[in-house]
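Take a look at the structure below.
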Amino acid sequence: MSRVQQRAVGELLRVSPIAEDLAGRFERAGFTLALVGGSVRDALLGRLGNDLDFTTDARPEDVLRIVRPWADAVWDVGIAFGTVGCLKSAPGEEADGGDGPKDYQLEITTYRSESYDRTSRKPEVQYGDSLEEDLRRRDFTVNAMAVALPRREFIDPHNGLTDLARRLLRTPGTPEESFSDDPLRMMRAARFAAQLDFTVAEPVKAAMTDMADRIDIVSAERVRDELNKLILSDRPRKGIALLVETGLAERVLPEVPALRLERDEHHRHKDVYEHSLTVLEQAIALEDGDPDLILRLSALLHDIGKPRTRRFEDDGRVSFHHHEVVGAKMTKQRLSKLKYPNEVIKEVARLVELHLRFHGYGTGEWTDSAVRRYVRDAGPLLGRLHQLTRSDCTTRNKKKAQALSRAYDSLEERIERLREQEELDAIRPDLNGNEIMKILGIGPGPEVGKAYRHLLELRLERGPMDHESAVAALQDWWSAQQG
């Protein structure tokens, strides 16, 4: 047994109380069970987690009958595709370094083959009869390995172990056959390249290029989910570059390849595409903890308004006036088409819209009022706006980069000073609606809203007022309205 296989068996021993217990139940019921796919791949890489994938010759109804008395929870949302999910706690193990049971999330899928026709957005699932057939229909050779349980027999009919050692993505059959079965696998290739730092074999890359239009039949939701996994990976730049290179990005995120603006000797300007990928990488480096989808999408898309706003000026310069406003609208449109949640769309578009605001700060000329408006407009996105704005500096001019960094340090310091002096994170007028009505002697209506907005503007402009000053300001405004 090779060292890599020994490592895999060591990883499998860690989960063996769960896996072998389950396998015994399937065996007693007259069925086979094997750990398969990403679980085996990750075990070989020494990174097996608590999400385990199994395959079996048992039909879904048989799987349900076996696992329901055993599992702590069972769900059948994927049963139409032959998949049953369940949760099982292993007593006596430590969970995340603490005491108590460790939870394992298991997916058990019946041997199957699936394919799309030219117009369908959903695969047609057909159950298979053997593990070898099931492995052949899987996306890549590194995911086409299995460990038959409970005997722990390693099964690798397509040399996935060799490809894993070479960090190479190949398909078990021809790439064309694999991508015809499920076109989303083309995006998955880019995701694995980013996630695992693998190289995509040239025949696979060629098939991705030739068949890029086939991604159009995959539902927006599945495309979005795969794109999220890519963007949240350790090396999203590598995966995005592959999507652009093969033409897949033109089908699913066309605003990104559109950033590759032509350059010539007369109109030199920054490569917006490369700049955006660098901003993405720099934003990742500034993340506080877990990968941040909102920040990463904002970094990738922050300049997508530039192609539509590009102008060649008389002095030879290139301008992109109001590209942040145009880009915010484009961001909303694209993320809506990809079926992102409304809150994600709103937050990413807002960051795109605000990403240039800091550049009006200059060397600190902003008034306290301007700083308050900056904080008010960013709202709960202020922390991410700090990260995005700092990431947007990709100049090779060290003096310019240092000046920008110092200027933003200054802005953040001013925000903190104002925050200590006043309630900067929840700026509101010094009088509420009830007080406005009482002071003016009016009932609910549009005048109350107008008065509230006037006091809010005063609050932003002047800072907090005491009650007496606020009442006087309200009465002065009301007198002007009446006159």
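Labels for the structure tokens follow display order: chains A, B, ..., residues from 1 in each chain, ligands from 1.
Of the residues in stretch 148-257 of chain A, those given strand (DSSP E or B) by DSSP on the backbone are Ala148, Leu149, Glu153, Phe154, Ile155, Leu168, Leu169, Thr199 and Val200 of chain A.
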A:Ala207: which residues within 12 Å, counting only C-alpha atoms, same-chain residues fewer than 5 positions away excluded, as a list in words? Arg170, Thr171, Thr174, Pro175, Glu176, Glu177, Ser178, Phe179, Ser180, Pro183, Arg185, Met186, Met187, Ala189, Val200, Ala201, Glu202, Ala212, Asp213, Arg214, Thr246, Gly247 and Leu248 of chain A
Can you list, as a ChimeraX atom specification, every protein, DNA or RNA residue that comes within 12 Å of stretch 408-416 of chain A when you count only C-alpha atoms, leaving out same-chain residues fewer than 6 positions away? /A:357-376,382-383,385-393,401-402,422-425
Can you pull out the residues contacting A:Gly30? Cut-off 9 Å, using only C-alpha atoms, and skip same-chain residues under 4 positions away; I want them as a PyMOL selection string. chain A and resi 25-26+58
Do a neighbour search on A:Lys229 at 10 Å with only C-alpha atoms, toss out local chain neighbours closer than 6 positions, and write the hits as an MDAnalysis selection string. chainID A and resid 188 191:192 194:195 236 293
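Of the residues listed (A:Ala90, A:Asp21, A:Thr110, A:Pro203), A:Thr110 shows the shortest atom-to-atom separation from A:Glu61; distances use only C-alpha atoms.
Here the DSSP assignment of alpha helix (DSSP H), based on backbone atoms, applies within stretch 379-411 of chain A to A:Leu382, A:Gly383, A:Arg384, A:Leu385, A:His386, A:Gln387, A:Leu388, A:Thr389, A:Arg390, A:Ser391, A:Lys398, A:Lys399, A:Lys400, A:Ala401, A:Gln402, A:Ala403, A:Leu404, A:Ser405, A:Arg406, A:Ala407, A:Tyr408, A:Asp409, A:Ser410, A:Leu411.
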Report as CSV: every residue of stretch 299-354 of chain A with an atom at most 12 Å from stretch 215-225 of chain A, its closest pair of atoms, and their distance in Å to one decimal, counting only C-alpha atoms, with rows sorted by chain and ascending residue number.
residue,atom,partner,partner_atom,distance
A:Arg334,CA,A:Arg224,CA,10.8
A:Leu335,CA,A:Arg224,CA,8.8
A:Ser336,CA,A:Ala220,CA,9.7
A:Lys337,CA,A:Ala220,CA,7.1
A:Leu338,CA,A:Ala220,CA,5.0
A:Lys339,CA,A:Glu221,CA,6.1
A:Tyr340,CA,A:Arg224,CA,7.3
A:Pro341,CA,A:Glu221,CA,10.6
Env of stretch 427-430 of chain A: 8 Å cut, atoms = only C-alpha atoms, seq-sep filter 3 positions within chain, self excluded. Answer as a list of chain:residue names. A:Arg376, A:Glu423, A:Leu424, A:Tyr452, A:Arg453, A:Leu455, A:Leu456, A:Leu458, A:Arg459, A:Leu460, A:Pro464, A:Met465, A:Asp466, A:His467, A:Ala470
Selection file, N, CA, C and O atoms, as a compact mmCIF listing (two decimals), in the first residue's frame:
# COMPACT_ATOMS: atom_id res chain seq x y z
N ARG A 376 -22.88 57.51 7.32
CA ARG A 376 -24.32 57.29 7.18
C ARG A 376 -24.63 56.50 5.89
O ARG A 376 -25.41 55.56 5.91
N GLU A 423 -23.21 59.67 18.48
CA GLU A 423 -23.69 58.36 18.04
C GLU A 423 -23.60 58.26 16.53
O GLU A 423 -24.59 58.37 15.81
N LEU A 424 -22.38 58.04 16.04
CA LEU A 424 -22.13 58.10 14.61
C LEU A 424 -22.73 56.94 13.84
O LEU A 424 -23.06 57.06 12.66
N TYR A 452 -38.67 66.03 9.75
CA TYR A 452 -37.69 65.02 10.19
C TYR A 452 -36.46 65.05 9.29
O TYR A 452 -35.32 65.03 9.77
N ARG A 453 -36.68 65.11 7.97
CA ARG A 453 -35.55 65.11 7.03
C ARG A 453 -34.73 66.39 7.17
O ARG A 453 -33.49 66.36 7.05
N LEU A 455 -34.30 68.12 9.95
CA LEU A 455 -33.50 67.98 11.16
C LEU A 455 -32.36 66.97 10.97
O LEU A 455 -31.28 67.12 11.56
N LEU A 456 -32.59 65.96 10.14
CA LEU A 456 -31.52 65.00 9.86
C LEU A 456 -30.38 65.67 9.11
O LEU A 456 -29.20 65.44 9.40
N LEU A 458 -29.62 68.82 9.27
CA LEU A 458 -28.92 69.66 10.25
C LEU A 458 -28.00 68.83 11.13
O LEU A 458 -26.89 69.25 11.48
N ARG A 459 -28.47 67.64 11.49
CA ARG A 459 -27.66 66.74 12.33
C ARG A 459 -26.38 66.34 11.61
O ARG A 459 -25.29 66.31 12.21
N LEU A 460 -26.50 66.03 10.33
CA LEU A 460 -25.33 65.66 9.54
C LEU A 460 -24.39 66.84 9.37
O LEU A 460 -23.16 66.69 9.39
N PRO A 464 -24.51 66.86 16.77
CA PRO A 464 -25.61 66.84 17.74
C PRO A 464 -25.93 68.25 18.27
O PRO A 464 -25.04 69.08 18.46
N MET A 465 -27.23 68.49 18.47
CA MET A 465 -27.68 69.73 19.11
C MET A 465 -28.37 69.38 20.42
O MET A 465 -28.97 68.32 20.55
N ASP A 466 -28.33 70.35 21.37
CA ASP A 466 -29.11 70.12 22.59
C ASP A 466 -30.59 70.32 22.27
O ASP A 466 -30.95 70.82 21.20
N HIS A 467 -31.44 69.96 23.21
CA HIS A 467 -32.89 69.97 22.94
C HIS A 467 -33.38 71.37 22.60
O HIS A 467 -34.16 71.56 21.64
N ALA A 470 -32.40 72.35 19.08
CA ALA A 470 -33.14 71.58 18.09
C ALA A 470 -34.57 72.12 17.94
O ALA A 470 -35.09 72.23 16.82
